[in-house]
Amino acid sequence: MTPAGIFEIALTLALVVGAAYPLGAFIADVFEHRPTFLSKFLRPIEIGFYRTAGVNSDEEQDWLAYTQSMLIFFAASFLTLYALQRLQNLLPLNPQGFDAVPPDLAFNTAISFITNANWQAYAGETTMSHLTQMLGLTTHNFLDSATALAMAIALTRAFARSRSETIGNFWVDLTRAALYVLLPISVVVAIVFVALGVPQTLSPWVEAKTLEGAKQVISIGPVASQEAIKLFGNNGGGFFNANSAHPFENPSAWSNLIQNWSQLVLPVASVFAFGRMVSDQRQGRSLLSAMAVLFVVGLIAIYWAESRGSALLSAQGVDATFGNLEGKDLRFGQASQALFVAATTGTGTGASNPSLDSLTPIAGLVPMFNLLMGCISPGGAGVGLYSMVLLAVVTVFLSGLMVGRTPEYLGKKIGAREIRLAIFALLVSPLLLLGLSGASVELKIALDSLGNAGPHGLSEIVYAYASTASDNGSTFGGLNANTFWYNTTTGIVMLFGRLAHVIPIMALGGLIAAKPKAPPSVGSLPTHGVLFVVMLLGTILIVTLLQFLPALALGPIAELFLLKSGAAF
């Protein structure tokens, strides 16, 4: 850890907060239908979308209609993206002549890119045509992030309103999220990336001459446009297999700084928007404080562990002064890459810069812990906000009961029905993670995909399902996920990890919106300030450990089974 590295991290985080505060105010204005500086340019386009789709933008929906609209959009997105992959060999803009994507991989990728997980079991530059990359993957990078942001805004309205039967209109929220929030900034970031050297072309490749005089064919394509929304929308689906470790996706220290900034700014801005929309910015700051503590502690652990290097290398006489350099992109240094790992696994972006397999054991534990927490530090676009609000509801319920105060959050009473929905939403990820991880350590078809034996092989399996359950998409590189088993099971985990998590949250929003909003009283538990942040952090750690400890128990279970079967692990 060096002063220069600490300064680089501090500068990036300061730029994030400095941009997120006004962006949060802008987001609140957009979803509360107040005029913004973009309204005169984008409002005619917005109205045109509504007329074309037959949407009455003045008509709001209750939680059930809102959720049904989301599910209809979800199904239509899956079918179109799946069909695009399966038919890409018959469609234009396929200069490389790629075949149709296999059915199991197309299923996995379609689910991945409509759930905001953006798990990549394929190498983009050798699998997807330009049309699939642009019309399929890049488009759904916008739409899945817009859907998640719409869900978070709907839940925010539920707490902001009193005795309301409606929480907004899904089609309006989806349109405004994509048109006003995601598209303008992504266009600007894409232009900056092009200026920094990221390719944006329909050419399939370029030829380079190596130092030995041989010719090398290097894939290129419309990279910058996909890269911008990949990061700003907390998606993670890169154009290349190496993702943000590829020099065409991330060519310089400046592009790396912008990538770190892009991953963090929208989640932080969403929390500021939450505070404005509930008319109490202290509430947003409390949630952000808890997110910041988790993020900074994890970042420090990664930076410290990576800067110290590996004891195994030191024992071989390798100088550990420069830290752990194995598997790293040496252009950016330890501080920048520690920040990248913390950002991608804390936000759900999953845009790997260094290979996670190359991290030291302590540093590798942090991404795993971030995934088990649900990628809430500071979380993905929309997902981080509604997940933190869910945890805040559980916190006030538990804390209120322990001190004999009426559980309420933002003036809304929290009763048995609300807490049942909250607990159900929290149980989805651990059940999916533990169930399929347990099955995978007992099946040869799953174990054959491992690149590493022993404890790290177990980590690869658990990490894969934790990543897909929490809409992250990063992976330990030693796992070959492009098999029928992993394509199918991780696709199922992504599907239910998103839908079975968000549907009860929307139902919770419907119950909350219908409740009267009472002013705080002497018996109300304050939900801002240091005490509440500490209680919220305690709830998060308890919920995470309830997943983490059973996951550790899979190791002995796997060894017992494999010893009996004679298989190698």
# chains A, B, ... in the order shown; residues from 1 in each chain; ligands from 1
call {"tool": "residues_around", "arguments": {"residues": "Phe369 of chain A", "least_positions_apart": "5", "cutoff": "9 Å", "atoms": "only C-alpha atoms", "output": "PyMOL selection string"}}
result
chain A and resi 298+364+374-375+544+548
call {"tool": "residues_around", "arguments": {"residues": "Ser449 of chain A", "least_positions_apart": "2", "cutoff": "9 Å", "atoms": "only C-alpha atoms", "output": "list in words"}}
result
Lys444, Ile445, Ala446, Leu447, Gly451, Gly478, Leu479, Asn480, Ala481, Asn482, Thr483 and Tyr486 of chain A
call {"tool": "write_last_selection", "arguments": {"atoms": "N, CA and C atoms", "output": "PDB file, in the first residue's frame"}}
result
ATOM      1  N   LYS A 444     -20.227 -35.922 -11.289  1.00  0.00           N
ATOM      2  CA  LYS A 444     -19.020 -35.937 -12.105  1.00  0.00           C
ATOM      3  C   LYS A 444     -19.113 -34.954 -13.265  1.00  0.00           C
ATOM      4  N   ILE A 445     -20.318 -34.802 -13.842  1.00  0.00           N
ATOM      5  CA  ILE A 445     -20.496 -33.890 -14.966  1.00  0.00           C
ATOM      6  C   ILE A 445     -20.151 -32.453 -14.580  1.00  0.00           C
ATOM      7  N   ALA A 446     -20.351 -32.110 -13.293  1.00  0.00           N
ATOM      8  CA  ALA A 446     -20.003 -30.768 -12.814  1.00  0.00           C
ATOM      9  C   ALA A 446     -18.532 -30.692 -12.434  1.00  0.00           C
ATOM     10  N   LEU A 447     -18.012 -31.739 -11.802  1.00  0.00           N
ATOM     11  CA  LEU A 447     -16.616 -31.727 -11.355  1.00  0.00           C
ATOM     12  C   LEU A 447     -15.643 -31.746 -12.524  1.00  0.00           C
ATOM     13  N   GLY A 451     -10.973 -26.510 -13.146  1.00  0.00           N
ATOM     14  CA  GLY A 451      -9.576 -26.396 -13.521  1.00  0.00           C
ATOM     15  C   GLY A 451      -8.648 -26.573 -12.349  1.00  0.00           C
ATOM     16  N   GLY A 478     -10.876 -20.603 -13.337  1.00  0.00           N
ATOM     17  CA  GLY A 478     -10.573 -22.020 -13.484  1.00  0.00           C
ATOM     18  C   GLY A 478     -11.771 -22.890 -13.772  1.00  0.00           C
ATOM     19  N   LEU A 479     -12.972 -22.343 -13.747  1.00  0.00           N
ATOM     20  CA  LEU A 479     -14.177 -23.123 -13.993  1.00  0.00           C
ATOM     21  C   LEU A 479     -14.604 -22.987 -15.451  1.00  0.00           C
ATOM     22  N   ASN A 480     -14.739 -24.111 -16.152  1.00  0.00           N
ATOM     23  CA  ASN A 480     -15.269 -24.106 -17.513  1.00  0.00           C
ATOM     24  C   ASN A 480     -16.787 -24.140 -17.426  1.00  0.00           C
ATOM     25  N   ALA A 481     -17.417 -22.973 -17.543  1.00  0.00           N
ATOM     26  CA  ALA A 481     -18.860 -22.877 -17.332  1.00  0.00           C
ATOM     27  C   ALA A 481     -19.665 -23.157 -18.587  1.00  0.00           C
ATOM     28  N   ASN A 482     -19.010 -23.262 -19.732  1.00  0.00           N
ATOM     29  CA  ASN A 482     -19.735 -23.479 -20.988  1.00  0.00           C
ATOM     30  C   ASN A 482     -19.951 -24.976 -21.215  1.00  0.00           C
ATOM     31  N   THR A 483     -20.725 -25.588 -20.323  1.00  0.00           N
ATOM     32  CA  THR A 483     -21.137 -26.983 -20.452  1.00  0.00           C
ATOM     33  C   THR A 483     -22.649 -27.034 -20.256  1.00  0.00           C
ATOM     34  N   TYR A 486     -23.600 -26.482 -16.423  1.00  0.00           N
ATOM     35  CA  TYR A 486     -23.473 -25.129 -15.870  1.00  0.00           C
ATOM     36  C   TYR A 486     -24.293 -24.111 -16.660  1.00  0.00           C
TER      37      TYR A 486
END
call {"tool": "residues_around", "arguments": {"residues": "Ser279 of chain A", "least_positions_apart": "2", "cutoff": "12 Å", "atoms": "only C-alpha atoms", "output": "PyMOL selection string"}}
result
chain A and resi 25+28+156-157+159-161+272-277+281-284+410-411
call {"tool": "select_by_dssp", "arguments": {"residues": "segment 307-450 of chain A", "states": "alpha helix (DSSP H)", "output": "MDAnalysis selection string"}}
result
chainID A and resid 307:308 311:315 333:347 361:372 383:403 416:440 444:447
call {"tool": "atom_distance", "arguments": {"atom1": "atom CA of Thr67 of chain A", "atom2": "atom CA of Ala53 of chain A"}}
result
17.9 Å
call {"tool": "closest_residue", "arguments": {"among": "A:Ala208, A:Ile27, A:Leu71, A:Leu90", "to": "Met506 of chain A", "atoms": "only C-alpha atoms"}}
result
A:Leu71
call {"tool": "closest_atom_pairs", "arguments": {"of": "segment 322-403 of chain A", "to": "segment 212-233 of chain A", "cutoff": "10 Å", "atoms": "only C-alpha atoms", "output": "Markdown table"}}
result
| residue | atom | partner | partner_atom | distance |
| --- | --- | --- | --- | --- |
| A:Thr344 | CA | A:Leu231 | CA | 9.0 |
| A:Thr347 | CA | A:Gly233 | CA | 9.9 |
| A:Gly348 | CA | A:Gly233 | CA | 9.7 |
| A:Thr349 | CA | A:Leu231 | CA | 6.6 |
| A:Gly350 | CA | A:Leu231 | CA | 9.2 |
| A:Ala351 | CA | A:Leu231 | CA | 7.6 |
| A:Gly380 | CA | A:Gly233 | CA | 7.6 |
| A:Ala381 | CA | A:Gly233 | CA | 6.0 |
| A:Gly382 | CA | A:Gly233 | CA | 9.4 |
call {"tool": "select_by_dssp", "arguments": {"residues": "segment 114-215 of chain A", "states": "strand (DSSP E or B)", "output": "list in words"}}
result
Gly168, Gln200, Trp205, Val206, Glu207, Ala208, Lys209 and Lys215 of chain A
call {"tool": "write_last_selection", "arguments": {"atoms": "C-alpha atoms", "output": "mmCIF file, in the first residue's frame"}}
result
data_model
loop_
_atom_site.group_PDB
_atom_site.id
_atom_site.type_symbol
_atom_site.label_atom_id
_atom_site.label_comp_id
_atom_site.auth_asym_id
_atom_site.auth_seq_id
_atom_site.Cartn_x
_atom_site.Cartn_y
_atom_site.Cartn_z
ATOM 1 C CA GLY A 168 -46.217 4.067 -10.747
ATOM 2 C CA GLN A 200 -15.989 1.374 -32.433
ATOM 3 C CA TRP A 205 -10.618 -7.695 -37.323
ATOM 4 C CA VAL A 206 -7.274 -6.031 -37.982
ATOM 5 C CA GLU A 207 -3.961 -7.622 -38.860
ATOM 6 C CA ALA A 208 -0.854 -6.886 -36.834
ATOM 7 C CA LYS A 209 2.746 -7.790 -37.515
ATOM 8 C CA LYS A 215 0.884 -11.866 -38.954
#
call {"tool": "residues_around", "arguments": {"residues": "Asp99 of chain A", "least_positions_apart": "4", "cutoff": "9 Å", "atoms": "only C-alpha atoms", "output": "mmCIF file with C-alpha atoms, in the first residue's frame"}}
result
data_model
loop_
_atom_site.group_PDB
_atom_site.id
_atom_site.type_symbol
_atom_site.label_atom_id
_atom_site.label_comp_id
_atom_site.auth_asym_id
_atom_site.auth_seq_id
_atom_site.Cartn_x
_atom_site.Cartn_y
_atom_site.Cartn_z
ATOM 1 C CA ARG A 86 -30.008 -19.014 -32.529
ATOM 2 C CA LEU A 87 -30.502 -17.307 -35.895
ATOM 3 C CA GLN A 88 -27.361 -15.157 -36.046
ATOM 4 C CA ASN A 89 -25.855 -17.331 -38.812
ATOM 5 C CA LEU A 90 -28.789 -16.333 -41.049
ATOM 6 C CA THR A 127 -19.049 -16.531 -30.575
ATOM 7 C CA MET A 128 -21.298 -13.497 -31.113
ATOM 8 C CA SER A 129 -21.811 -11.640 -34.397
#
call {"tool": "residues_around", "arguments": {"residues": "Ala514 of chain A", "least_positions_apart": "3", "cutoff": "12 Å", "atoms": "only C-alpha atoms", "output": "MDAnalysis selection string"}}
result
chainID A and resid 62:63 157:167 412:413 418 507:511 517
call {"tool": "write_last_selection", "arguments": {"atoms": "N, CA and C atoms", "output": "PDB file, in the first residue's frame"}}
result
ATOM      1  N   ASP A  62     -51.129  -0.694  -9.836  1.00  0.00           N
ATOM      2  CA  ASP A  62     -50.849  -1.217  -8.507  1.00  0.00           C
ATOM      3  C   ASP A  62     -49.662  -2.175  -8.620  1.00  0.00           C
ATOM      4  N   TRP A  63     -49.223  -2.722  -7.480  1.00  0.00           N
ATOM      5  CA  TRP A  63     -47.992  -3.523  -7.505  1.00  0.00           C
ATOM      6  C   TRP A  63     -48.137  -4.759  -8.385  1.00  0.00           C
ATOM      7  N   ARG A 157     -41.264   4.895  -4.189  1.00  0.00           N
ATOM      8  CA  ARG A 157     -42.563   5.571  -4.171  1.00  0.00           C
ATOM      9  C   ARG A 157     -43.476   4.987  -3.083  1.00  0.00           C
ATOM     10  N   ALA A 158     -43.389   3.685  -2.875  1.00  0.00           N
ATOM     11  CA  ALA A 158     -44.235   3.048  -1.867  1.00  0.00           C
ATOM     12  C   ALA A 158     -43.998   3.659  -0.492  1.00  0.00           C
ATOM     13  N   PHE A 159     -42.749   3.970  -0.170  1.00  0.00           N
ATOM     14  CA  PHE A 159     -42.431   4.575   1.121  1.00  0.00           C
ATOM     15  C   PHE A 159     -42.709   6.073   1.125  1.00  0.00           C
ATOM     16  N   ALA A 160     -42.671   6.689  -0.046  1.00  0.00           N
ATOM     17  CA  ALA A 160     -42.884   8.134  -0.115  1.00  0.00           C
ATOM     18  C   ALA A 160     -44.361   8.506  -0.055  1.00  0.00           C
ATOM     19  N   ARG A 161     -45.249   7.584  -0.473  1.00  0.00           N
ATOM     20  CA  ARG A 161     -46.674   7.893  -0.565  1.00  0.00           C
ATOM     21  C   ARG A 161     -47.416   7.420   0.687  1.00  0.00           C
ATOM     22  N   SER A 162     -48.623   7.924   0.820  1.00  0.00           N
ATOM     23  CA  SER A 162     -49.490   7.547   1.954  1.00  0.00           C
ATOM     24  C   SER A 162     -50.846   7.105   1.423  1.00  0.00           C
ATOM     25  N   ARG A 163     -51.281   5.917   1.862  1.00  0.00           N
ATOM     26  CA  ARG A 163     -52.569   5.356   1.452  1.00  0.00           C
ATOM     27  C   ARG A 163     -52.729   5.350  -0.067  1.00  0.00           C
ATOM     28  N   SER A 164     -51.725   4.886  -0.743  1.00  0.00           N
ATOM     29  CA  SER A 164     -51.758   4.851  -2.211  1.00  0.00           C
ATOM     30  C   SER A 164     -51.967   3.421  -2.693  1.00  0.00           C
ATOM     31  N   GLU A 165     -52.808   3.258  -3.687  1.00  0.00           N
ATOM     32  CA  GLU A 165     -53.043   1.944  -4.275  1.00  0.00           C
ATOM     33  C   GLU A 165     -52.099   1.675  -5.446  1.00  0.00           C
ATOM     34  N   THR A 166     -51.346   2.684  -5.868  1.00  0.00           N
ATOM     35  CA  THR A 166     -50.477   2.540  -7.034  1.00  0.00           C
ATOM     36  C   THR A 166     -49.040   2.879  -6.664  1.00  0.00           C
ATOM     37  N   ILE A 167     -48.112   2.361  -7.482  1.00  0.00           N
ATOM     38  CA  ILE A 167     -46.687   2.634  -7.248  1.00  0.00           C
ATOM     39  C   ILE A 167     -46.000   3.146  -8.517  1.00  0.00           C
ATOM     40  N   LYS A 412     -43.872   4.132   7.978  1.00  0.00           N
ATOM     41  CA  LYS A 412     -44.745   3.016   7.620  1.00  0.00           C
ATOM     42  C   LYS A 412     -44.554   1.873   8.620  1.00  0.00           C
ATOM     43  N   LYS A 413     -45.662   1.399   9.204  1.00  0.00           N
ATOM     44  CA  LYS A 413     -45.605   0.307  10.157  1.00  0.00           C
ATOM     45  C   LYS A 413     -45.200  -0.982   9.436  1.00  0.00           C
ATOM     46  N   GLU A 418     -45.474  -7.933   5.955  1.00  0.00           N
ATOM     47  CA  GLU A 418     -44.313  -7.276   5.335  1.00  0.00           C
ATOM     48  C   GLU A 418     -43.025  -8.053   5.626  1.00  0.00           C
ATOM     49  N   ALA A 507     -44.366  -6.922  -4.011  1.00  0.00           N
ATOM     50  CA  ALA A 507     -45.546  -7.145  -3.164  1.00  0.00           C
ATOM     51  C   ALA A 507     -45.410  -6.377  -1.852  1.00  0.00           C
ATOM     52  N   LEU A 508     -44.206  -6.357  -1.304  1.00  0.00           N
ATOM     53  CA  LEU A 508     -43.935  -5.554  -0.111  1.00  0.00           C
ATOM     54  C   LEU A 508     -44.216  -4.085  -0.389  1.00  0.00           C
ATOM     55  N   GLY A 509     -43.793  -3.611  -1.561  1.00  0.00           N
ATOM     56  CA  GLY A 509     -44.052  -2.225  -1.931  1.00  0.00           C
ATOM     57  C   GLY A 509     -45.533  -1.914  -1.998  1.00  0.00           C
ATOM     58  N   GLY A 510     -46.323  -2.870  -2.516  1.00  0.00           N
ATOM     59  CA  GLY A 510     -47.764  -2.658  -2.570  1.00  0.00           C
ATOM     60  C   GLY A 510     -48.383  -2.524  -1.190  1.00  0.00           C
ATOM     61  N   LEU A 511     -47.946  -3.368  -0.251  1.00  0.00           N
ATOM     62  CA  LEU A 511     -48.457  -3.276   1.124  1.00  0.00           C
ATOM     63  C   LEU A 511     -48.046  -1.968   1.782  1.00  0.00           C
ATOM     64  N   LYS A 517     -48.906   7.134   6.100  1.00  0.00           N
ATOM     65  CA  LYS A 517     -47.559   7.581   6.458  1.00  0.00           C
ATOM     66  C   LYS A 517     -47.666   8.437   7.718  1.00  0.00           C
TER      67      LYS A 517
END
call {"tool": "residues_around", "arguments": {"residues": "Tyr82 of chain A", "least_positions_apart": "2", "cutoff": "12 Å", "atoms": "only C-alpha atoms", "output": "VMD selection string"}}
result
chain A and resid 75 to 80 84 to 88 100 to 114 132 135 to 137 140
call {"tool": "write_last_selection", "arguments": {"atoms": "N, CA and C atoms", "output": "PDB file, in the first residue's frame"}}
result
ATOM      1  N   ALA A  75     -40.319 -11.775 -20.380  1.00  0.00           N
ATOM      2  CA  ALA A  75     -40.520 -12.913 -21.279  1.00  0.00           C
ATOM      3  C   ALA A  75     -40.239 -12.531 -22.729  1.00  0.00           C
ATOM      4  N   ALA A  76     -40.727 -11.359 -23.144  1.00  0.00           N
ATOM      5  CA  ALA A  76     -40.498 -10.908 -24.522  1.00  0.00           C
ATOM      6  C   ALA A  76     -39.006 -10.695 -24.774  1.00  0.00           C
ATOM      7  N   SER A  77     -38.295 -10.154 -23.798  1.00  0.00           N
ATOM      8  CA  SER A  77     -36.858  -9.928 -23.934  1.00  0.00           C
ATOM      9  C   SER A  77     -36.113 -11.248 -24.082  1.00  0.00           C
ATOM     10  N   PHE A  78     -36.504 -12.233 -23.274  1.00  0.00           N
ATOM     11  CA  PHE A  78     -35.845 -13.540 -23.355  1.00  0.00           C
ATOM     12  C   PHE A  78     -36.041 -14.170 -24.730  1.00  0.00           C
ATOM     13  N   LEU A  79     -37.269 -14.171 -25.206  1.00  0.00           N
ATOM     14  CA  LEU A  79     -37.559 -14.831 -26.477  1.00  0.00           C
ATOM     15  C   LEU A  79     -36.833 -14.171 -27.640  1.00  0.00           C
ATOM     16  N   THR A  80     -36.812 -12.845 -27.663  1.00  0.00           N
ATOM     17  CA  THR A  80     -36.151 -12.148 -28.773  1.00  0.00           C
ATOM     18  C   THR A  80     -34.638 -12.328 -28.723  1.00  0.00           C
ATOM     19  N   LEU A  84     -32.430 -14.318 -31.506  1.00  0.00           N
ATOM     20  CA  LEU A  84     -31.353 -13.607 -32.200  1.00  0.00           C
ATOM     21  C   LEU A  84     -30.067 -14.429 -32.192  1.00  0.00           C
ATOM     22  N   GLN A  85     -29.761 -15.057 -31.074  1.00  0.00           N
ATOM     23  CA  GLN A  85     -28.547 -15.883 -30.996  1.00  0.00           C
ATOM     24  C   GLN A  85     -28.669 -17.146 -31.850  1.00  0.00           C
ATOM     25  N   ARG A  86     -29.826 -17.770 -31.808  1.00  0.00           N
ATOM     26  CA  ARG A  86     -30.008 -19.014 -32.529  1.00  0.00           C
ATOM     27  C   ARG A  86     -30.041 -18.801 -34.051  1.00  0.00           C
ATOM     28  N   LEU A  87     -30.379 -17.590 -34.468  1.00  0.00           N
ATOM     29  CA  LEU A  87     -30.502 -17.307 -35.895  1.00  0.00           C
ATOM     30  C   LEU A  87     -29.387 -16.422 -36.430  1.00  0.00           C
ATOM     31  N   GLN A  88     -28.361 -16.143 -35.627  1.00  0.00           N
ATOM     32  CA  GLN A  88     -27.361 -15.157 -36.046  1.00  0.00           C
ATOM     33  C   GLN A  88     -26.616 -15.581 -37.315  1.00  0.00           C
ATOM     34  N   ALA A 100     -24.750 -20.414 -35.471  1.00  0.00           N
ATOM     35  CA  ALA A 100     -25.754 -20.134 -34.440  1.00  0.00           C
ATOM     36  C   ALA A 100     -25.208 -20.533 -33.071  1.00  0.00           C
ATOM     37  N   VAL A 101     -25.573 -19.789 -32.065  1.00  0.00           N
ATOM     38  CA  VAL A 101     -25.150 -20.106 -30.698  1.00  0.00           C
ATOM     39  C   VAL A 101     -25.871 -21.376 -30.254  1.00  0.00           C
ATOM     40  N   PRO A 102     -25.174 -22.354 -29.653  1.00  0.00           N
ATOM     41  CA  PRO A 102     -25.823 -23.598 -29.213  1.00  0.00           C
ATOM     42  C   PRO A 102     -26.987 -23.322 -28.264  1.00  0.00           C
ATOM     43  N   PRO A 103     -27.996 -24.210 -28.245  1.00  0.00           N
ATOM     44  CA  PRO A 103     -29.212 -23.943 -27.467  1.00  0.00           C
ATOM     45  C   PRO A 103     -28.974 -23.674 -25.990  1.00  0.00           C
ATOM     46  N   ASP A 104     -28.140 -24.493 -25.326  1.00  0.00           N
ATOM     47  CA  ASP A 104     -27.946 -24.298 -23.886  1.00  0.00           C
ATOM     48  C   ASP A 104     -27.203 -23.009 -23.589  1.00  0.00           C
ATOM     49  N   LEU A 105     -26.236 -22.655 -24.442  1.00  0.00           N
ATOM     50  CA  LEU A 105     -25.505 -21.405 -24.245  1.00  0.00           C
ATOM     51  C   LEU A 105     -26.395 -20.200 -24.555  1.00  0.00           C
ATOM     52  N   ALA A 106     -27.224 -20.317 -25.598  1.00  0.00           N
ATOM     53  CA  ALA A 106     -28.150 -19.225 -25.928  1.00  0.00           C
ATOM     54  C   ALA A 106     -29.152 -19.009 -24.799  1.00  0.00           C
ATOM     55  N   PHE A 107     -29.638 -20.100 -24.205  1.00  0.00           N
ATOM     56  CA  PHE A 107     -30.542 -20.000 -23.052  1.00  0.00           C
ATOM     57  C   PHE A 107     -29.854 -19.273 -21.906  1.00  0.00           C
ATOM     58  N   ASN A 108     -28.639 -19.694 -21.589  1.00  0.00           N
ATOM     59  CA  ASN A 108     -27.898 -19.090 -20.478  1.00  0.00           C
ATOM     60  C   ASN A 108     -27.632 -17.614 -20.728  1.00  0.00           C
ATOM     61  N   THR A 109     -27.195 -17.282 -21.935  1.00  0.00           N
ATOM     62  CA  THR A 109     -26.845 -15.894 -22.247  1.00  0.00           C
ATOM     63  C   THR A 109     -28.083 -14.999 -22.258  1.00  0.00           C
ATOM     64  N   ALA A 110     -29.182 -15.513 -22.800  1.00  0.00           N
ATOM     65  CA  ALA A 110     -30.407 -14.708 -22.827  1.00  0.00           C
ATOM     66  C   ALA A 110     -30.887 -14.404 -21.410  1.00  0.00           C
ATOM     67  N   ILE A 111     -30.899 -15.413 -20.548  1.00  0.00           N
ATOM     68  CA  ILE A 111     -31.280 -15.182 -19.154  1.00  0.00           C
ATOM     69  C   ILE A 111     -30.309 -14.208 -18.501  1.00  0.00           C
ATOM     70  N   SER A 112     -29.042 -14.396 -18.791  1.00  0.00           N
ATOM     71  CA  SER A 112     -28.002 -13.568 -18.178  1.00  0.00           C
ATOM     72  C   SER A 112     -28.177 -12.092 -18.500  1.00  0.00           C
ATOM     73  N   PHE A 113     -28.480 -11.782 -19.762  1.00  0.00           N
ATOM     74  CA  PHE A 113     -28.525 -10.386 -20.187  1.00  0.00           C
ATOM     75  C   PHE A 113     -29.879  -9.721 -19.974  1.00  0.00           C
ATOM     76  N   ILE A 114     -30.880 -10.470 -19.520  1.00  0.00           N
ATOM     77  CA  ILE A 114     -32.139  -9.801 -19.166  1.00  0.00           C
ATOM     78  C   ILE A 114     -32.311  -9.716 -17.656  1.00  0.00           C
ATOM     79  N   THR A 132     -25.555  -9.521 -33.011  1.00  0.00           N
ATOM     80  CA  THR A 132     -25.909 -10.042 -31.691  1.00  0.00           C
ATOM     81  C   THR A 132     -25.321  -9.180 -30.591  1.00  0.00           C
ATOM     82  N   LEU A 135     -27.476  -5.404 -31.241  1.00  0.00           N
ATOM     83  CA  LEU A 135     -28.921  -5.441 -31.090  1.00  0.00           C
ATOM     84  C   LEU A 135     -29.352  -6.302 -29.911  1.00  0.00           C
ATOM     85  N   GLY A 136     -28.573  -7.352 -29.621  1.00  0.00           N
ATOM     86  CA  GLY A 136     -28.927  -8.234 -28.526  1.00  0.00           C
ATOM     87  C   GLY A 136     -28.332  -7.817 -27.200  1.00  0.00           C
ATOM     88  N   LEU A 137     -27.014  -7.916 -27.075  1.00  0.00           N
ATOM     89  CA  LEU A 137     -26.366  -7.751 -25.777  1.00  0.00           C
ATOM     90  C   LEU A 137     -26.315  -6.299 -25.322  1.00  0.00           C
ATOM     91  N   HIS A 140     -29.844  -4.990 -24.452  1.00  0.00           N
ATOM     92  CA  HIS A 140     -30.355  -5.503 -23.184  1.00  0.00           C
ATOM     93  C   HIS A 140     -29.521  -5.038 -21.989  1.00  0.00           C
TER      94      HIS A 140
END
call {"tool": "residues_around", "arguments": {"residues": "Leu183 of chain A", "least_positions_apart": "4", "cutoff": "12 Å", "atoms": "only C-alpha atoms", "output": "ChimeraX atom specification"}}
result
/A:38,42,138-139,141-143,145-146,175-179,187-190,225-226,228-230,232-233
